[in-house]
>>> print(open('query_10.txt').read())   # compact mmCIF, C-alpha atoms
# COMPACT_ATOMS: atom_id res chain seq x y z
CA MET A 1415 -8.63 28.48 16.22
CA GLY A 1416 -8.59 25.41 13.95
CA THR A 1417 -7.43 21.99 15.04
CA GLN A 1418 -4.03 21.02 13.68
CA GLY A 1419 -3.77 17.65 11.99
CA PRO A 1420 -0.97 15.17 12.62
CA THR A 1421 2.47 16.20 11.36
CA SER A 1422 3.04 12.70 9.99
CA ALA A 1423 0.80 9.99 8.59
CA LEU A 1424 2.87 7.19 10.09
CA ARG A 1425 5.57 7.09 12.76
CA LEU A 1426 7.40 4.00 14.06
CA VAL A 1427 9.98 4.19 16.84
CA GLY A 1428 12.10 1.21 17.87
CA VAL A 1429 9.63 -1.26 16.37
CA GLY A 1430 10.39 -4.95 16.64
CA PHE A 1431 8.17 -7.86 15.68
CA THR A 1432 8.62 -11.49 16.65
CA ARG A 1433 6.60 -14.49 15.47
CA ASP A 1434 7.08 -18.02 16.84
CA LYS A 1435 10.17 -16.78 18.71
CA ARG A 1436 11.75 -15.67 15.42
CA PRO A 1437 12.55 -11.96 14.97
CA ILE A 1438 10.89 -10.58 11.83
CA LEU A 1439 11.62 -6.87 12.41
CA SER A 1440 14.18 -5.21 14.69
CA ASP A 1441 14.69 -1.58 15.78
CA VAL A 1442 12.71 0.02 12.96
CA ASP A 1443 12.47 3.83 13.09
CA TRP A 1444 10.44 5.30 10.24
CA GLU A 1445 8.29 8.35 9.60
CA VAL A 1446 6.03 9.07 6.63
CA ALA A 1447 5.05 12.72 6.20
CA CYS A 1448 1.66 13.66 4.87
CA ASP A 1449 2.95 14.77 1.45
CA GLN A 1450 5.26 11.84 0.72
CA ARG A 1451 5.11 8.74 -1.49
CA TRP A 1452 7.27 5.88 -0.20
CA VAL A 1453 8.50 2.63 -1.68
CA VAL A 1454 9.61 -0.17 0.67
CA LEU A 1455 12.18 -2.45 -0.94
CA GLY A 1456 13.66 -5.72 0.21
CA ALA A 1457 14.15 -9.36 -0.65
CA ASN A 1458 11.55 -11.99 0.16
CA GLY A 1459 11.57 -12.60 3.90
CA SER A 1460 13.03 -9.19 4.76
CA GLY A 1461 9.95 -8.17 6.77
CA LYS A 1462 8.23 -5.90 4.24
CA THR A 1463 4.73 -7.35 4.54
CA SER A 1464 4.93 -7.55 8.35
CA LEU A 1465 5.95 -3.89 8.43
CA LEU A 1466 2.99 -2.93 6.25
CA ARG A 1467 0.54 -5.01 8.31
CA ILE A 1468 1.71 -3.19 11.44
CA ALA A 1469 1.20 0.15 9.66
CA ALA A 1470 -2.26 -1.03 8.55
CA LEU A 1471 -3.15 -1.91 12.18
CA TYR A 1472 -3.53 -5.64 11.53
CA GLU A 1473 -0.47 -6.61 13.61
CA HIS A 1474 0.87 -5.29 16.90
CA PRO A 1475 4.62 -4.77 17.31
CA THR A 1476 6.42 -6.83 19.93
CA THR A 1477 8.44 -3.76 20.93
CA GLY A 1478 8.39 -0.05 20.14
CA THR A 1479 5.63 2.43 19.37
CA VAL A 1480 3.46 2.99 16.32
CA GLU A 1481 1.48 6.15 15.55
CA VAL A 1482 -0.95 6.19 12.63
CA LEU A 1483 -2.56 9.51 11.67
CA GLY A 1484 -1.67 10.94 15.07
CA HIS A 1485 -3.08 8.00 17.08
CA ARG A 1486 -0.88 5.63 19.03
CA LEU A 1487 -1.45 1.91 18.61
CA GLY A 1488 -2.59 0.49 21.93
CA GLN A 1489 -4.39 3.70 22.89
CA VAL A 1490 -6.99 3.81 20.12
CA ASP A 1491 -9.84 1.67 18.79
CA VAL A 1492 -8.13 0.13 15.75
CA ARG A 1493 -11.47 -0.90 14.24
CA ARG A 1494 -12.36 2.78 13.81
CA LEU A 1495 -8.89 3.90 12.79
CA ARG A 1496 -8.63 1.24 10.07
CA HIS A 1497 -11.36 3.08 8.17
CA GLN A 1498 -8.87 5.94 7.74
CA VAL A 1499 -6.20 3.67 6.23
CA GLY A 1500 -6.53 2.34 2.70
CA PHE A 1501 -4.93 -1.11 2.44
CA VAL A 1502 -4.40 -3.10 -0.75
CA SER A 1503 -3.18 -6.64 -0.15
CA PRO A 1504 -3.29 -10.10 -1.74
CA ALA A 1505 -5.18 -11.37 1.31
CA LEU A 1506 -8.08 -8.99 0.65
CA ALA A 1507 -8.25 -10.03 -3.01
CA GLN A 1508 -8.70 -13.66 -1.98
CA MET A 1509 -11.59 -12.74 0.32
CA LEU A 1510 -13.70 -11.13 -2.42
CA ARG A 1511 -16.67 -13.15 -3.68
CA PRO A 1512 -16.11 -13.88 -7.41
CA HIS A 1513 -19.60 -12.78 -8.45
CA LEU A 1514 -19.45 -9.43 -6.63
CA LYS A 1515 -19.58 -6.45 -8.99
CA ALA A 1516 -16.56 -4.14 -9.08
CA VAL A 1517 -18.62 -1.12 -8.05
CA ASP A 1518 -19.80 -3.01 -4.97
CA VAL A 1519 -16.24 -4.00 -4.07
CA VAL A 1520 -15.37 -0.31 -3.98
CA MET A 1521 -18.58 0.90 -2.33
CA THR A 1522 -18.52 -1.60 0.55
CA ALA A 1523 -15.24 -0.10 1.78
CA ARG A 1524 -17.47 2.68 3.13
CA HIS A 1525 -18.18 0.39 6.10
CA GLY A 1526 -15.14 -1.88 5.85
CA ALA A 1527 -17.40 -4.66 4.57
CA LEU A 1528 -17.09 -7.28 1.83
CA GLU A 1529 -20.78 -7.61 0.92
CA PRO A 1530 -23.30 -4.85 0.06
CA TRP A 1531 -26.17 -6.36 2.06
CA TRP A 1532 -24.40 -5.99 5.43
CA HIS A 1533 -25.07 -2.20 5.51
CA GLU A 1534 -27.20 0.42 3.83
CA TYR A 1535 -25.68 2.52 1.05
CA THR A 1536 -26.87 5.70 -0.60
CA ASP A 1537 -26.88 6.78 -4.23
CA ALA A 1538 -24.04 9.13 -3.27
CA ASP A 1539 -21.98 6.16 -2.07
CA ARG A 1540 -22.47 4.36 -5.35
CA GLN A 1541 -21.70 7.49 -7.39
CA ARG A 1542 -18.49 8.00 -5.42
CA ALA A 1543 -17.47 4.40 -6.11
CA VAL A 1544 -18.06 4.97 -9.83
CA ARG A 1545 -15.94 8.16 -9.76
CA LEU A 1546 -13.09 6.37 -7.98
CA LEU A 1547 -13.12 3.59 -10.57
CA GLU A 1548 -12.84 6.27 -13.24
CA GLN A 1549 -9.98 7.93 -11.32
CA VAL A 1550 -7.87 4.75 -11.47
CA GLY A 1551 -8.64 4.03 -15.11
CA ALA A 1552 -11.31 1.41 -14.43
CA GLY A 1553 -14.39 3.42 -15.32
CA GLY A 1554 -15.85 0.74 -17.58
CA LEU A 1555 -15.57 -2.06 -15.04
CA GLY A 1556 -18.25 -1.09 -12.52
CA ASP A 1557 -20.88 -3.63 -13.60
CA ARG A 1558 -18.38 -6.43 -14.26
CA THR A 1559 -17.99 -9.19 -11.69
CA ILE A 1560 -14.63 -9.84 -10.06
CA ALA A 1561 -14.50 -13.27 -11.71
CA THR A 1562 -14.49 -11.69 -15.18
CA LEU A 1563 -11.66 -9.21 -14.50
CA SER A 1564 -7.99 -9.69 -15.27
CA SER A 1565 -5.45 -9.53 -12.46
CA GLY A 1566 -4.55 -5.98 -13.46
CA GLU A 1567 -8.19 -4.89 -13.50
CA ARG A 1568 -8.72 -6.41 -10.06
CA GLN A 1569 -5.79 -4.42 -8.71
CA ARG A 1570 -7.29 -1.21 -10.09
CA VAL A 1571 -10.56 -2.04 -8.35
CA GLN A 1572 -8.71 -2.67 -5.09
CA ILE A 1573 -6.93 0.68 -5.35
CA ALA A 1574 -10.25 2.42 -5.98
CA ARG A 1575 -11.63 0.63 -2.91
CA SER A 1576 -8.70 1.86 -0.82
CA LEU A 1577 -9.69 5.46 -1.62
CA MET A 1578 -13.40 5.10 -0.82
CA THR A 1579 -13.21 6.42 2.75
CA ASP A 1580 -11.01 9.45 1.97
CA PRO A 1581 -8.14 7.78 3.83
CA GLY A 1582 -5.30 9.66 5.46
CA LEU A 1583 -2.85 6.97 4.34
CA VAL A 1584 -2.81 4.34 1.57
CA LEU A 1585 -0.70 1.17 1.85
CA LEU A 1586 -0.03 -1.09 -1.15
CA ASP A 1587 1.43 -4.53 -0.49
CA GLU A 1588 3.17 -5.71 -3.69
CA PRO A 1589 0.30 -4.60 -5.94
CA ALA A 1590 2.03 -5.79 -9.14
CA SER A 1591 3.13 -9.22 -7.87
CA THR A 1592 0.51 -11.20 -9.85
CA LEU A 1593 0.49 -9.08 -13.00
CA ASP A 1594 1.91 -9.76 -16.43
CA LEU A 1595 4.03 -7.13 -18.15
CA GLY A 1596 1.08 -5.28 -19.64
CA GLY A 1597 -0.85 -5.29 -16.39
CA ARG A 1598 2.18 -4.10 -14.46
CA GLU A 1599 2.80 -1.20 -16.82
CA MET A 1600 -0.83 -0.09 -16.67
CA LEU A 1601 -0.75 -0.26 -12.87
CA VAL A 1602 2.49 1.74 -12.71
CA THR A 1603 0.90 4.35 -14.97
CA ASP A 1604 -2.14 4.56 -12.68
CA LEU A 1605 0.05 4.90 -9.57
CA THR A 1606 2.20 7.55 -11.28
CA ARG A 1607 -0.96 9.55 -11.91
CA LEU A 1608 -2.09 9.07 -8.31
CA ALA A 1609 1.32 10.07 -6.94
CA ALA A 1610 1.19 13.31 -8.95
CA ASP A 1611 -2.23 14.26 -7.56
CA PRO A 1612 -1.64 16.79 -4.75
CA SER A 1613 -4.98 15.87 -3.18
CA ALA A 1614 -4.02 12.19 -2.91
CA PRO A 1615 -3.11 10.85 0.55
CA PRO A 1616 0.43 9.74 1.41
CA LEU A 1617 1.27 6.45 -0.31
CA VAL A 1618 3.43 3.53 0.76
CA MET A 1619 4.10 0.72 -1.70
CA VAL A 1620 5.95 -2.51 -0.91
CA THR A 1621 7.84 -4.21 -3.73
CA HIS A 1622 10.98 -6.20 -4.43
CA ARG A 1623 11.36 -5.03 -8.03
CA THR A 1624 12.74 -1.60 -8.92
CA GLU A 1625 10.87 -1.69 -12.25
CA GLU A 1626 7.59 -1.47 -10.34
CA ILE A 1627 8.42 1.89 -8.72
CA PRO A 1628 6.14 4.55 -10.23
CA ALA A 1629 7.54 7.92 -11.27
CA GLY A 1630 6.73 10.55 -8.67
CA PHE A 1631 7.47 8.39 -5.63
CA THR A 1632 9.62 10.52 -3.37
CA HIS A 1633 11.18 8.34 -0.66
CA GLY A 1634 12.56 4.86 -0.13
CA LEU A 1635 13.02 2.46 2.76
CA MET A 1636 15.27 -0.57 2.30
CA LEU A 1637 14.97 -3.61 4.57
CA ARG A 1638 17.47 -6.43 4.96
CA GLU A 1639 16.77 -9.29 7.37
CA GLY A 1640 14.23 -7.22 9.27
CA ARG A 1641 16.42 -4.18 9.81
CA VAL A 1642 16.47 -0.80 8.07
CA LEU A 1643 19.38 -0.72 5.66
CA ALA A 1644 18.70 2.77 4.31
CA GLN A 1645 15.91 5.34 4.15
CA GLY A 1646 15.34 8.84 2.85
CA PRO A 1647 14.79 10.64 -0.47
CA LEU A 1648 14.59 8.00 -3.20
CA GLU A 1649 17.43 9.39 -5.31
CA ASP A 1650 19.75 9.22 -2.27
CA VAL A 1651 18.68 5.79 -1.03
CA LEU A 1652 18.37 3.89 -4.28
CA THR A 1653 21.89 3.26 -5.63
CA SER A 1654 23.63 0.27 -7.18
CA GLU A 1655 25.62 -0.18 -3.98
CA SER A 1656 22.68 -0.08 -1.57
CA LEU A 1657 20.57 -2.29 -3.82
CA SER A 1658 23.38 -4.84 -4.01
CA VAL A 1659 23.63 -5.01 -0.22
CA CYS A 1660 19.84 -5.16 0.11
CA PHE A 1661 19.51 -8.21 -2.16
CA GLY A 1662 22.85 -9.82 -1.44
CA LEU A 1663 24.34 -9.85 -4.95
CA PRO A 1664 26.09 -7.34 -7.27
CA LEU A 1665 23.44 -5.28 -9.06
CA GLU A 1666 23.61 -2.43 -11.55
CA LEU A 1667 20.91 0.23 -11.29
CA GLU A 1668 19.84 2.74 -13.92
CA HIS A 1669 17.34 5.60 -13.79
CA ARG A 1670 15.94 6.65 -17.14
CA ASN A 1671 12.71 8.22 -18.35
CA GLY A 1672 11.53 8.50 -14.75
CA ARG A 1673 11.80 4.75 -14.10
CA TRP A 1674 14.30 2.52 -12.30
CA HIS A 1675 15.87 -0.56 -13.90
CA SER A 1676 18.22 -3.10 -12.27
CA GLN A 1677 20.10 -6.20 -13.36
CA ALA A 1678 22.92 -8.42 -12.12
CA ARG A 1679 26.43 -7.26 -12.95
>>> encode(input="query_10.txt", output="structure tokens")
Amino acid sequence: MGTQGPTSALRLVGVGFTRDKRPILSDVDWEVACDQRWVVLGANGSGKTSLLRIAALYEHPTTGTVEVLGHRLGQVDVRRLRHQVGFVSPALAQMLRPHLKAVDVVMTARHGALEPWWHEYTDADRQRAVRLLEQVGAGGLGDRTIATLSSGERQRVQIARSLMTDPGLVLLDEPASTLDLGGREMLVTDLTRLAADPSAPPLVMVTHRTEEIPAGFTHGLMLREGRVLAQGPLEDVLTSESLSVCFGLPLELEHRNGRWHSQAR
């Protein structure tokens, strides 16, 4: 008899998070199934990044329980479990040495490292890194150094890195925040392609702009002042009314050609 995998990639129950005696998150219940693609929306300061860092096992909740890929936080070695979670964040981008080649940035995720000389790598590791760069539309960047890449190209490399360990969950913290219009649109195209791939792991992307939501994302979670405002299938959650409450001003939302567009009324 085969071993059954976890029924969900991520499960939070009653999660609260306090920093310096200030509540950042309160009473968050949230579950991400293994075939879903989620977007987390909210204004700056709503708790989005803290929520994602808890899901990525880099923060511990003050209250509540967190299960990642069937393992409960507090009852598992997070150093091992982190290898099963792909995490793309601005903090990681700042840690990369400028003269590191893109292929090495991807390959070193095999051991959760930032430099290739810390561990031994095989030809198969390098070939996989090359394939992943090709998968995210960055096939020609492997021998380029990080310092020579545009912001959009760096994000593609980070996404390829997040897939290196065959993760059970991929978390993207505002991946388009530093990109110009062209870079954003190329990234959205790449994520649309990834979302449509049935072999891709469940995806969670944090953003505060509806225009950054790729086609094919299935579910939405809205945060306001650290609390869940709405969650569920994206077409049910994302409305002009809910978006207006989420950001605290009247907004008009349109959905056309598979993309979401919002503006003030």
>>> residues_around(input="query_10.txt", residues="A:Val1520", least_positions_apart="4", cutoff="7 Å", atoms="all atoms listed in the file", output="ChimeraX atom specification")
/A:1516,1543,1571,1574-1575,1578
>>> closest_residue(input="query_10.txt", among="A:Val1482, A:Val1642, A:Leu1667, A:Val1442", to="A:Pro1581", atoms="all atoms listed in the file")
A:Val1482
>>> residues_around(input="query_10.txt", residues="stretch 1489-1497 of chain A", least_positions_apart="4", cutoff="10 Å", atoms="all atoms listed in the file", output="JSON, numbers by chain")
{"A": [1469, 1470, 1471, 1472, 1481, 1482, 1483, 1485, 1501, 1523, 1524, 1525, 1526, 1576, 1578, 1579, 1580, 1581, 1582, 1583]}
>>> residues_around(input="query_10.txt", residues="A:Leu1608", least_positions_apart="5", cutoff="10 Å", atoms="all atoms listed in the file", output="PDB file with C-alpha atoms, in the frame of the given file")
ATOM      1  CA  ARG A1451       5.110   8.740  -1.490  1.00  0.00           C
ATOM      2  CA  GLN A1549      -9.980   7.930 -11.320  1.00  0.00           C
ATOM      3  CA  VAL A1550      -7.870   4.750 -11.470  1.00  0.00           C
ATOM      4  CA  VAL A1602       2.490   1.740 -12.710  1.00  0.00           C
ATOM      5  CA  THR A1603       0.900   4.350 -14.970  1.00  0.00           C
ATOM      6  CA  SER A1613      -4.980  15.870  -3.180  1.00  0.00           C
ATOM      7  CA  ALA A1614      -4.020  12.190  -2.910  1.00  0.00           C
ATOM      8  CA  PRO A1615      -3.110  10.850   0.550  1.00  0.00           C
ATOM      9  CA  LEU A1617       1.270   6.450  -0.310  1.00  0.00           C
ATOM     10  CA  PRO A1628       6.140   4.550 -10.230  1.00  0.00           C
ATOM     11  CA  GLY A1630       6.730  10.550  -8.670  1.00  0.00           C
ATOM     12  CA  PHE A1631       7.470   8.390  -5.630  1.00  0.00           C
TER      13      PHE A1631
END
>>> residues_around(input="query_10.txt", residues="A:Leu1637", least_positions_apart="2", cutoff="6 Å", atoms="all atoms listed in the file", output="MDAnalysis selection string")
chainID A and resid 1456 1460 1640:1643
>>> closest_residue(input="query_10.txt", among="A:Ile1468, A:Leu1585, A:Leu1547, A:Met1636", to="A:Phe1661", atoms="all atoms listed in the file")
A:Met1636
>>> residues_around(input="query_10.txt", residues="stretch 1529-1534 of chain A", least_positions_apart="6", cutoff="12 Å", atoms="only C-alpha atoms", output="list in words")
Met1509, Leu1510, Arg1511, Pro1512, His1513, Leu1514, Lys1515, Ala1516, Val1517, Asp1518, Val1519, Val1520, Met1521, Thr1522, Ala1523 and Arg1540 of chain A
>>> closest_residue(input="query_10.txt", among="A:Leu1439, A:Glu1445, A:Gly1646, A:Ala1590", to="A:Lys1462", atoms="only C-alpha atoms")
A:Leu1439
>>> closest_residue(input="query_10.txt", among="A:Arg1545, A:His1633, A:Arg1598, A:Arg1670", to="A:Ser1565", atoms="only C-alpha atoms")
A:Arg1598
>>> closest_residue(input="query_10.txt", among="A:Thr1463, A:Ser1564, A:Thr1632, A:Ser1676", to="A:Asp1587", atoms="only C-alpha atoms")
A:Thr1463
>>> atom_distance(input="query_10.txt", atom1="atom CA of A:Ser1654", atom2="atom CA of A:Arg1623")
13.4 Å
>>> atom_distance(input="query_10.txt", atom1="atom CA of A:Arg1673", atom2="atom CA of A:Val1659")
20.7 Å
>>> closest_residue(input="query_10.txt", among="A:Ala1552, A:Leu1652, A:Val1453, A:Ala1505", to="A:Met1600", atoms="all atoms listed in the file")
A:Ala1552
>>> atom_distance(input="query_10.txt", atom1="atom CA of A:Trp1444", atom2="atom CA of A:Val1429")
9.0 Å
>>> decode(input="query_10.txt", residues="stretch 1529-1542 of chain A", atoms="all heavy atoms", output="mmCIF file, in the first residue's frame")
data_model
loop_
_atom_site.group_PDB
_atom_site.id
_atom_site.type_symbol
_atom_site.label_atom_id
_atom_site.label_comp_id
_atom_site.auth_asym_id
_atom_site.auth_seq_id
_atom_site.Cartn_x
_atom_site.Cartn_y
_atom_site.Cartn_z
ATOM 1 N N GLU A 1529 26.597 30.027 -2.404
ATOM 2 C CA GLU A 1529 27.872 29.958 -3.122
ATOM 3 C C GLU A 1529 28.133 28.518 -3.562
ATOM 4 O O GLU A 1529 27.864 27.578 -2.805
ATOM 5 C CB GLU A 1529 29.026 30.428 -2.236
ATOM 6 C CG GLU A 1529 29.011 31.918 -1.915
ATOM 7 C CD GLU A 1529 29.370 32.789 -3.111
ATOM 8 O OE1 GLU A 1529 29.743 32.242 -4.166
ATOM 9 O OE2 GLU A 1529 29.264 34.026 -2.984
ATOM 10 N N PRO A 1530 28.669 28.303 -4.773
ATOM 11 C CA PRO A 1530 28.867 26.940 -5.279
ATOM 12 C C PRO A 1530 29.992 26.178 -4.597
ATOM 13 O O PRO A 1530 30.023 24.948 -4.682
ATOM 14 C CB PRO A 1530 29.174 27.167 -6.767
ATOM 15 C CG PRO A 1530 29.694 28.556 -6.842
ATOM 16 C CD PRO A 1530 28.981 29.327 -5.777
ATOM 17 N N TRP A 1531 30.917 26.874 -3.918
ATOM 18 C CA TRP A 1531 32.046 26.155 -3.323
ATOM 19 C C TRP A 1531 31.726 25.586 -1.937
ATOM 20 O O TRP A 1531 32.552 24.921 -1.331
ATOM 21 C CB TRP A 1531 33.287 27.048 -3.254
ATOM 22 C CG TRP A 1531 33.090 28.346 -2.525
ATOM 23 C CD1 TRP A 1531 32.945 28.532 -1.179
ATOM 24 C CD2 TRP A 1531 33.025 29.644 -3.111
ATOM 25 N NE1 TRP A 1531 32.798 29.857 -0.875
ATOM 26 C CE2 TRP A 1531 32.838 30.572 -2.049
ATOM 27 C CE3 TRP A 1531 33.107 30.134 -4.410
ATOM 28 C CZ2 TRP A 1531 32.728 31.948 -2.259
ATOM 29 C CZ3 TRP A 1531 33.005 31.491 -4.615
ATOM 30 C CH2 TRP A 1531 32.821 32.383 -3.556
ATOM 31 N N TRP A 1532 30.534 25.849 -1.410
ATOM 32 C CA TRP A 1532 30.191 25.328 -0.089
ATOM 33 C C TRP A 1532 29.841 23.836 -0.123
ATOM 34 O O TRP A 1532 29.899 23.151 0.880
ATOM 35 C CB TRP A 1532 29.006 26.104 0.499
ATOM 36 C CG TRP A 1532 29.320 27.527 0.815
ATOM 37 C CD1 TRP A 1532 30.554 28.129 0.792
ATOM 38 C CD2 TRP A 1532 28.402 28.560 1.176
ATOM 39 N NE1 TRP A 1532 30.453 29.458 1.121
ATOM 40 C CE2 TRP A 1532 29.153 29.756 1.365
ATOM 41 C CE3 TRP A 1532 27.026 28.594 1.357
ATOM 42 C CZ2 TRP A 1532 28.548 30.958 1.726
ATOM 43 C CZ3 TRP A 1532 26.434 29.799 1.714
ATOM 44 C CH2 TRP A 1532 27.186 30.960 1.901
ATOM 45 N N HIS A 1533 29.442 23.328 -1.311
ATOM 46 C CA HIS A 1533 29.043 21.927 -1.456
ATOM 47 C C HIS A 1533 29.540 21.413 -2.797
ATOM 48 O O HIS A 1533 29.978 22.180 -3.644
ATOM 49 C CB HIS A 1533 27.508 21.776 -1.391
ATOM 50 C CG HIS A 1533 26.898 22.273 -0.127
ATOM 51 N ND1 HIS A 1533 26.528 23.597 0.049
ATOM 52 C CD2 HIS A 1533 26.583 21.634 1.028
ATOM 53 C CE1 HIS A 1533 26.012 23.744 1.257
ATOM 54 N NE2 HIS A 1533 26.030 22.579 1.871
ATOM 55 N N GLU A 1534 29.429 20.100 -2.970
ATOM 56 C CA GLU A 1534 29.786 19.504 -4.253
ATOM 57 C C GLU A 1534 28.532 19.357 -5.111
ATOM 58 O O GLU A 1534 27.462 19.010 -4.604
ATOM 59 C CB GLU A 1534 30.431 18.122 -4.044
ATOM 60 C CG GLU A 1534 31.812 18.195 -3.387
ATOM 61 C CD GLU A 1534 32.479 16.832 -3.324
ATOM 62 O OE1 GLU A 1534 31.858 15.849 -3.807
ATOM 63 O OE2 GLU A 1534 33.607 16.752 -2.808
ATOM 64 N N TYR A 1535 28.679 19.622 -6.410
ATOM 65 C CA TYR A 1535 27.564 19.527 -7.338
ATOM 66 C C TYR A 1535 27.958 18.636 -8.509
ATOM 67 O O TYR A 1535 29.126 18.582 -8.903
ATOM 68 C CB TYR A 1535 27.155 20.920 -7.839
ATOM 69 C CG TYR A 1535 26.656 21.812 -6.736
ATOM 70 C CD1 TYR A 1535 27.535 22.646 -6.043
ATOM 71 C CD2 TYR A 1535 25.320 21.807 -6.368
ATOM 72 C CE1 TYR A 1535 27.082 23.466 -5.014
ATOM 73 C CE2 TYR A 1535 24.854 22.617 -5.339
ATOM 74 C CZ TYR A 1535 25.735 23.444 -4.667
ATOM 75 O OH TYR A 1535 25.293 24.239 -3.639
ATOM 76 N N THR A 1536 26.969 17.967 -9.060
ATOM 77 C CA THR A 1536 27.211 17.051 -10.171
ATOM 78 C C THR A 1536 26.844 17.730 -11.492
ATOM 79 O O THR A 1536 26.204 18.785 -11.522
ATOM 80 C CB THR A 1536 26.360 15.778 -10.011
ATOM 81 O OG1 THR A 1536 24.968 16.140 -10.116
ATOM 82 C CG2 THR A 1536 26.608 15.127 -8.659
ATOM 83 N N ASP A 1537 27.238 17.072 -12.585
ATOM 84 C CA ASP A 1537 26.840 17.557 -13.907
ATOM 85 C C ASP A 1537 25.315 17.566 -14.025
ATOM 86 O O ASP A 1537 24.742 18.449 -14.669
ATOM 87 C CB ASP A 1537 27.436 16.673 -15.000
ATOM 88 C CG ASP A 1537 28.943 16.865 -15.138
ATOM 89 O OD1 ASP A 1537 29.458 17.903 -14.651
ATOM 90 O OD2 ASP A 1537 29.594 15.986 -15.724
ATOM 91 N N ALA A 1538 24.670 16.584 -13.388
ATOM 92 C CA ALA A 1538 23.206 16.521 -13.426
ATOM 93 C C ALA A 1538 22.581 17.728 -12.731
ATOM 94 O O ALA A 1538 21.557 18.257 -13.185
ATOM 95 C CB ALA A 1538 22.723 15.225 -12.778
ATOM 96 N N ASP A 1539 23.200 18.177 -11.645
ATOM 97 C CA ASP A 1539 22.703 19.374 -10.948
ATOM 98 C C ASP A 1539 22.768 20.587 -11.862
ATOM 99 O O ASP A 1539 21.815 21.373 -11.961
ATOM 100 C CB ASP A 1539 23.527 19.645 -9.685
ATOM 101 C CG ASP A 1539 23.306 18.622 -8.591
ATOM 102 O OD1 ASP A 1539 22.213 18.026 -8.541
ATOM 103 O OD2 ASP A 1539 24.236 18.423 -7.784
ATOM 104 N N ARG A 1540 23.910 20.733 -12.541
ATOM 105 C CA ARG A 1540 24.072 21.887 -13.419
ATOM 106 C C ARG A 1540 23.114 21.805 -14.610
ATOM 107 O O ARG A 1540 22.529 22.813 -15.016
ATOM 108 C CB ARG A 1540 25.527 21.974 -13.897
ATOM 109 C CG ARG A 1540 25.832 23.197 -14.751
ATOM 110 C CD ARG A 1540 27.328 23.394 -14.920
ATOM 111 N NE ARG A 1540 27.963 23.743 -13.658
ATOM 112 C CZ ARG A 1540 28.067 24.982 -13.183
ATOM 113 N NH1 ARG A 1540 27.571 26.002 -13.887
ATOM 114 N NH2 ARG A 1540 28.651 25.211 -12.035
ATOM 115 N N GLN A 1541 22.939 20.616 -15.160
ATOM 116 C CA GLN A 1541 22.025 20.454 -16.293
ATOM 117 C C GLN A 1541 20.592 20.767 -15.883
ATOM 118 O O GLN A 1541 19.832 21.371 -16.645
ATOM 119 C CB GLN A 1541 22.127 19.034 -16.846
ATOM 120 C CG GLN A 1541 23.440 18.768 -17.564
ATOM 121 C CD GLN A 1541 23.693 17.288 -17.802
ATOM 122 O OE1 GLN A 1541 22.823 16.449 -17.556
ATOM 123 N NE2 GLN A 1541 24.891 16.959 -18.280
ATOM 124 N N ARG A 1542 20.216 20.372 -14.658
ATOM 125 C CA ARG A 1542 18.869 20.684 -14.179
ATOM 126 C C ARG A 1542 18.696 22.200 -14.041
ATOM 127 O O ARG A 1542 17.649 22.746 -14.400
ATOM 128 C CB ARG A 1542 18.597 19.994 -12.845
ATOM 129 C CG ARG A 1542 17.263 20.395 -12.229
ATOM 130 C CD ARG A 1542 16.821 19.482 -11.104
ATOM 131 N NE ARG A 1542 15.631 19.991 -10.451
ATOM 132 C CZ ARG A 1542 14.411 19.972 -10.979
ATOM 133 N NH1 ARG A 1542 14.223 19.450 -12.186
ATOM 134 N NH2 ARG A 1542 13.376 20.453 -10.321
#
